[in-house]
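To be precise, the following lines are protein_31.cif, and they hold mmCIF, C-alpha atoms.
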data_start
loop_
_atom_site.group_PDB
_atom_site.id
_atom_site.type_symbol
_atom_site.label_atom_id
_atom_site.label_comp_id
_atom_site.auth_asym_id
_atom_site.auth_seq_id
_atom_site.Cartn_x
_atom_site.Cartn_y
_atom_site.Cartn_z
ATOM 1 C CA MET A 70 11.957 -10.898 14.374
ATOM 2 C CA LYS A 71 8.832 -12.847 13.480
ATOM 3 C CA LEU A 72 7.426 -12.721 9.973
ATOM 4 C CA TYR A 73 3.897 -12.351 11.263
ATOM 5 C CA THR A 74 2.773 -9.389 13.332
ATOM 6 C CA ARG A 75 -1.014 -9.868 13.277
ATOM 7 C CA THR A 76 -1.347 -6.097 12.823
ATOM 8 C CA GLY A 77 -2.748 -6.544 9.318
ATOM 9 C CA ASP A 78 -5.326 -9.182 10.121
ATOM 10 C CA GLU A 79 -8.180 -6.708 9.828
ATOM 11 C CA GLY A 80 -7.115 -5.327 6.453
ATOM 12 C CA MET A 81 -4.959 -2.410 7.575
ATOM 13 C CA THR A 82 -1.223 -1.883 7.139
ATOM 14 C CA GLY A 83 1.382 0.611 8.212
ATOM 15 C CA LEU A 84 3.152 3.099 5.959
ATOM 16 C CA PHE A 85 6.640 4.443 6.541
ATOM 17 C CA GLY A 86 6.208 7.005 9.277
ATOM 18 C CA GLY A 87 3.481 5.138 11.118
ATOM 19 C CA ASP A 88 0.254 6.056 9.312
ATOM 20 C CA ARG A 89 -2.112 3.115 8.901
ATOM 21 C CA VAL A 90 -4.229 2.656 5.785
ATOM 22 C CA ASN A 91 -6.551 0.065 4.326
ATOM 23 C CA LYS A 92 -4.776 -2.594 2.262
ATOM 24 C CA SER A 93 -6.931 -1.602 -0.712
ATOM 25 C CA HIS A 94 -5.566 1.977 -0.615
ATOM 26 C CA GLN A 95 -4.228 3.161 -3.980
ATOM 27 C CA ARG A 96 -0.797 3.675 -2.429
ATOM 28 C CA LEU A 97 -0.602 -0.049 -1.636
ATOM 29 C CA MET A 98 -1.850 -0.956 -5.100
ATOM 30 C CA ALA A 99 1.025 1.090 -6.543
ATOM 31 C CA TYR A 100 3.868 -0.271 -4.459
ATOM 32 C CA GLY A 101 2.361 -3.756 -4.461
ATOM 33 C CA ALA A 102 2.555 -3.747 -8.254
ATOM 34 C CA LEU A 103 6.224 -2.744 -7.979
ATOM 35 C CA ASP A 104 6.797 -5.671 -5.624
ATOM 36 C CA GLU A 105 5.167 -8.002 -8.149
ATOM 37 C CA LEU A 106 7.284 -6.504 -10.932
ATOM 38 C CA ASN A 107 10.412 -7.056 -8.855
ATOM 39 C CA SER A 108 9.503 -10.741 -8.463
ATOM 40 C CA VAL A 109 8.843 -11.145 -12.186
ATOM 41 C CA ILE A 110 12.210 -9.532 -12.931
ATOM 42 C CA GLY A 111 13.806 -12.005 -10.537
ATOM 43 C CA VAL A 112 12.463 -14.812 -12.737
ATOM 44 C CA LEU A 113 13.582 -12.957 -15.874
ATOM 45 C CA ARG A 114 17.118 -12.832 -14.474
ATOM 46 C CA LEU A 115 17.144 -16.642 -14.461
ATOM 47 C CA HIS A 116 16.500 -16.672 -18.212
ATOM 48 C CA ALA A 117 18.322 -13.565 -19.474
ATOM 49 C CA SER A 118 21.308 -14.252 -21.705
ATOM 50 C CA ASP A 119 24.791 -12.867 -21.267
ATOM 51 C CA LYS A 120 24.697 -11.804 -24.913
ATOM 52 C CA ALA A 121 22.083 -9.132 -24.213
ATOM 53 C CA ALA A 122 24.198 -8.142 -21.180
ATOM 54 C CA ALA A 123 21.112 -7.452 -19.115
ATOM 55 C CA GLY A 124 21.953 -9.361 -15.914
ATOM 56 C CA THR A 125 23.655 -6.463 -14.162
ATOM 57 C CA ALA A 126 21.019 -4.013 -15.378
ATOM 58 C CA LEU A 127 18.222 -6.288 -14.154
ATOM 59 C CA GLU A 128 19.760 -6.450 -10.693
ATOM 60 C CA GLN A 129 20.105 -2.673 -10.670
ATOM 61 C CA VAL A 130 16.440 -2.394 -11.657
ATOM 62 C CA GLN A 131 15.467 -4.657 -8.771
ATOM 63 C CA HIS A 132 17.336 -2.405 -6.331
ATOM 64 C CA ASP A 133 15.741 0.668 -7.910
ATOM 65 C CA LEU A 134 12.276 -0.870 -7.585
ATOM 66 C CA PHE A 135 12.878 -1.201 -3.843
ATOM 67 C CA VAL A 136 13.716 2.500 -3.730
ATOM 68 C CA LEU A 137 10.601 3.391 -5.736
ATOM 69 C CA GLY A 138 8.532 1.164 -3.435
ATOM 70 C CA ALA A 139 9.924 2.941 -0.387
ATOM 71 C CA ILE A 140 9.037 6.288 -1.925
ATOM 72 C CA LEU A 141 5.498 5.119 -2.631
ATOM 73 C CA ALA A 142 5.169 3.610 0.868
ATOM 74 C CA THR A 143 5.936 7.002 2.374
ATOM 75 C CA PRO A 144 3.398 9.813 2.586
ATOM 76 C CA SER A 145 4.681 12.826 0.651
ATOM 77 C CA SER A 146 4.838 14.846 3.871
ATOM 78 C CA ARG A 147 7.454 12.407 5.204
ATOM 79 C CA LEU A 148 9.633 11.779 2.135
ATOM 80 C CA ASP A 149 12.520 13.758 3.647
ATOM 81 C CA ALA A 150 12.779 11.087 6.371
ATOM 82 C CA LEU A 151 13.784 8.416 3.837
ATOM 83 C CA GLY A 152 17.372 9.546 3.585
ATOM 84 C CA GLU A 153 19.505 10.327 0.566
ATOM 85 C CA LYS A 154 19.877 6.749 -0.749
ATOM 86 C CA MET A 155 16.132 6.178 -0.813
ATOM 87 C CA THR A 156 14.951 9.251 -2.681
ATOM 88 C CA LYS A 157 15.577 8.328 -6.317
ATOM 89 C CA PRO A 158 16.586 5.369 -8.467
ATOM 90 C CA THR A 159 20.247 4.848 -9.357
ATOM 91 C CA TRP A 160 19.785 4.170 -13.081
ATOM 92 C CA GLU A 161 19.620 7.602 -14.661
ATOM 93 C CA ILE A 162 17.051 8.039 -17.432
ATOM 94 C CA PRO A 163 19.582 9.094 -20.121
ATOM 95 C CA ASP A 164 21.615 5.961 -19.346
ATOM 96 C CA MET A 165 18.504 3.790 -19.559
ATOM 97 C CA GLU A 166 17.592 5.397 -22.886
ATOM 98 C CA GLN A 167 21.112 4.726 -24.168
ATOM 99 C CA ASP A 168 20.700 1.069 -23.227
ATOM 100 C CA ILE A 169 17.307 0.960 -24.959
ATOM 101 C CA ASP A 170 19.087 2.134 -28.104
ATOM 102 C CA ARG A 171 21.801 -0.528 -27.647
ATOM 103 C CA LEU A 172 19.227 -3.298 -27.188
ATOM 104 C CA THR A 173 17.165 -2.058 -30.134
ATOM 105 C CA ALA A 174 20.244 -2.227 -32.364
ATOM 106 C CA LEU A 175 20.658 -5.925 -31.500
ATOM 107 C CA ALA A 176 17.269 -6.793 -33.014
ATOM 108 C CA PRO A 177 16.160 -6.509 -36.628
ATOM 109 C CA PRO A 178 13.945 -3.542 -37.550
ATOM 110 C CA MET A 179 10.300 -4.011 -36.604
ATOM 111 C CA LYS A 180 7.977 -4.460 -39.543
ATOM 112 C CA HIS A 181 4.950 -5.570 -37.542
ATOM 113 C CA PHE A 182 3.722 -5.493 -33.983
ATOM 114 C CA VAL A 183 5.170 -8.382 -32.008
ATOM 115 C CA LEU A 184 3.358 -10.835 -29.801
ATOM 116 C CA PRO A 185 4.936 -11.841 -26.497
ATOM 117 C CA GLY A 186 6.907 -14.996 -27.087
ATOM 118 C CA GLY A 187 9.860 -16.513 -28.833
ATOM 119 C CA SER A 188 12.557 -17.459 -26.353
ATOM 120 C CA ALA A 189 11.971 -17.992 -22.637
ATOM 121 C CA ALA A 190 13.927 -14.834 -21.812
ATOM 122 C CA SER A 191 11.888 -12.779 -24.271
ATOM 123 C CA SER A 192 8.621 -14.166 -22.915
ATOM 124 C CA HIS A 193 9.631 -13.289 -19.354
ATOM 125 C CA ALA A 194 10.735 -9.811 -20.438
ATOM 126 C CA HIS A 195 7.320 -9.275 -22.048
ATOM 127 C CA LEU A 196 5.614 -10.440 -18.858
ATOM 128 C CA ALA A 197 7.740 -8.010 -16.863
ATOM 129 C CA ARG A 198 6.839 -5.251 -19.345
ATOM 130 C CA THR A 199 3.110 -5.824 -18.888
ATOM 131 C CA VAL A 200 3.397 -5.907 -15.095
ATOM 132 C CA CYS A 201 5.453 -2.711 -15.361
ATOM 133 C CA ARG A 202 2.687 -1.051 -17.384
ATOM 134 C CA ARG A 203 0.107 -2.049 -14.755
ATOM 135 C CA ALA A 204 2.353 -0.664 -12.026
ATOM 136 C CA GLU A 205 2.580 2.546 -14.022
ATOM 137 C CA ARG A 206 -1.229 2.779 -14.208
ATOM 138 C CA ASP A 207 -1.456 2.250 -10.441
ATOM 139 C CA ILE A 208 1.188 4.925 -9.821
ATOM 140 C CA VAL A 209 -0.602 7.357 -12.138
ATOM 141 C CA ALA A 210 -3.850 6.675 -10.255
ATOM 142 C CA LEU A 211 -2.067 7.422 -6.971
ATOM 143 C CA ASN A 212 -0.625 10.584 -8.502
ATOM 144 C CA ALA A 213 -4.183 11.723 -9.262
ATOM 145 C CA GLU A 214 -4.922 11.494 -5.517
ATOM 146 C CA GLU A 215 -1.655 12.922 -4.211
ATOM 147 C CA PRO A 216 1.587 13.963 -5.883
ATOM 148 C CA VAL A 217 4.120 11.265 -6.714
ATOM 149 C CA PRO A 218 7.701 12.396 -7.403
ATOM 150 C CA MET A 219 8.282 12.820 -11.140
ATOM 151 C CA ASP A 220 11.371 10.570 -10.944
ATOM 152 C CA VAL A 221 9.084 7.647 -10.108
ATOM 153 C CA LEU A 222 6.705 8.293 -12.996
ATOM 154 C CA VAL A 223 9.450 8.770 -15.587
ATOM 155 C CA TYR A 224 11.504 5.784 -14.411
ATOM 156 C CA ILE A 225 8.632 3.310 -14.525
ATOM 157 C CA ASN A 226 7.505 4.578 -17.940
ATOM 158 C CA ARG A 227 10.977 4.238 -19.409
ATOM 159 C CA LEU A 228 11.501 0.859 -17.744
ATOM 160 C CA SER A 229 8.613 -0.645 -19.701
ATOM 161 C CA ASP A 230 10.250 0.586 -22.928
ATOM 162 C CA TRP A 231 13.554 -0.954 -21.825
ATOM 163 C CA LEU A 232 11.838 -4.280 -21.072
ATOM 164 C CA PHE A 233 10.292 -4.288 -24.562
ATOM 165 C CA ALA A 234 13.700 -3.614 -26.123
ATOM 166 C CA LEU A 235 15.182 -6.361 -23.948
ATOM 167 C CA ALA A 236 12.504 -8.846 -25.049
ATOM 168 C CA ARG A 237 13.320 -8.241 -28.706
ATOM 169 C CA ALA A 238 17.079 -8.307 -28.081
ATOM 170 C CA GLU A 239 16.807 -11.619 -26.234
ATOM 171 C CA ASN A 240 15.089 -13.199 -29.226
ATOM 172 C CA ALA A 241 17.665 -11.744 -31.596
ATOM 173 C CA VAL A 242 20.762 -12.859 -29.697
ATOM 174 C CA GLN A 243 19.304 -16.336 -29.274
ATOM 175 C CA GLY A 244 18.473 -16.601 -32.974
ATOM 176 C CA VAL A 245 14.744 -16.850 -32.313
ATOM 177 C CA PRO A 246 12.487 -14.700 -34.485
ATOM 178 C CA ASP A 247 9.988 -12.371 -32.881
ATOM 179 C CA VAL A 248 6.430 -13.621 -33.031
ATOM 180 C CA GLU A 249 4.913 -11.088 -35.408
ATOM 181 C CA TRP A 250 1.285 -10.066 -35.202
ATOM 182 C CA ILE A 251 -0.175 -10.015 -38.650
ATOM 183 C CA PRO A 252 -3.923 -9.397 -38.900
ATOM 184 C CA ARG A 253 -5.748 -12.399 -40.304
#

Let me see whether you can do it: turn the structure in this file into structure tokens.
Amino acid sequence: MKLYTRTGDEGMTGLFGGDRVNKSHQRLMAYGALDELNSVIGVLRLHASDKAAAGTALEQVQHDLFVLGAILATPSSRLDALGEKMTKPTWEIPDMEQDIDRLTALAPPMKHFVLPGGSAASSHAHLARTVCRRAERDIVALNAEEPVPMDVLVYINRLSDWLFALARAENAVQGVPDVEWIPR
């Protein structure tokens, strides 16, 4: 199979099921942001410490982002064609929330807002968090045009919280203080 098809040369692309849309369509903005997030998380995995025990979770998130991307690349009228394994992420929200609590307990209590930074892992987790928030905005914009499954909206919202907790935990386990924002 060749990597190039030439079918997108004029600014159109195919969705799952065969529909063709402009590459600026909100649906593509949404799943394109998930693709970018997945790449940023791939870089984060290179820097994440074993002490925060996030490596396995980050890989699971990457797999889940593929599932969410497949859902977003499929018109709602064709979602049933995706198959059982492609209809929802594998990391359940209560489990993600439990891990947010675990990560939060690793870091000292917040007394100020924190700026992205500190350790390399924390900085990459913050970058992933901001890309996640942009993806969420793109998904919400798509949802305003046509319904997006609630699982997608909840997962991506909670994921940004988890990435924030991970950023703080990475600093804590590496003995690097958070960069606090204190108004000057």

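Interatomic distance, CA of Glu249 in chain A against CA of Val183 in chain A: 4.4 Å.
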
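Reported to one decimal place, the separation of CA of Leu137 in chain A from CA of Asp88 in chain A is 18.5 Å.
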
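Picture a line from CA of His193 in chain A to CA of Ala234 in chain A; it runs 12.5 Å.
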
Q. Which residue, A:Leu228, A:Val221, A:Val242, A:Leu175, has the smallest gap to Ile140 in chain A when you use all atoms listed in the file?
A. A:Val221

**Q.** Near-range 243-247 of chain A list (10 Å; only C-alpha atoms; drop same-chain fewer than 5 positions) as number ranges by chain
**A.** A: 118, 120-121, 176-177, 179, 181-188, 190-191, 236-238

Q. Which residues come within 12 Å of range 156-165 of chain A, counting only C-alpha atoms, excluding same-chain residues fewer than 2 positions away, as a ChimeraX atom specification?
A. /A:123,125-143,145,147-154,167-172,217-232,234-235

Q | Result set, the PyMOL selection byres ((chain A and resi 92-107) around 8) on current file, as number ranges by chain | A | A: 80-82, 90-91, 108-111, 131, 134-135, 137-139, 141-142, 197, 200-201, 203-205, 207-208, 210-211

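Using only C-alpha atoms, the smallest distance between any of A:Ala122, A:Val209, A:Ala174, A:Leu113 and His195 in chain A comes from A:Leu113.
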
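The smallest atom-to-atom distance between Asp119 in chain A and any of A:Asn212, A:Arg206, A:Glu239, A:Ala189, using all atoms listed in the file, is found for A:Glu239.
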
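Using only C-alpha atoms for every distance, the candidate list A:Thr173, A:Pro144, A:Lys180, A:Ser192 yields A:Pro144 as the residue closest to Pro216 in chain A.
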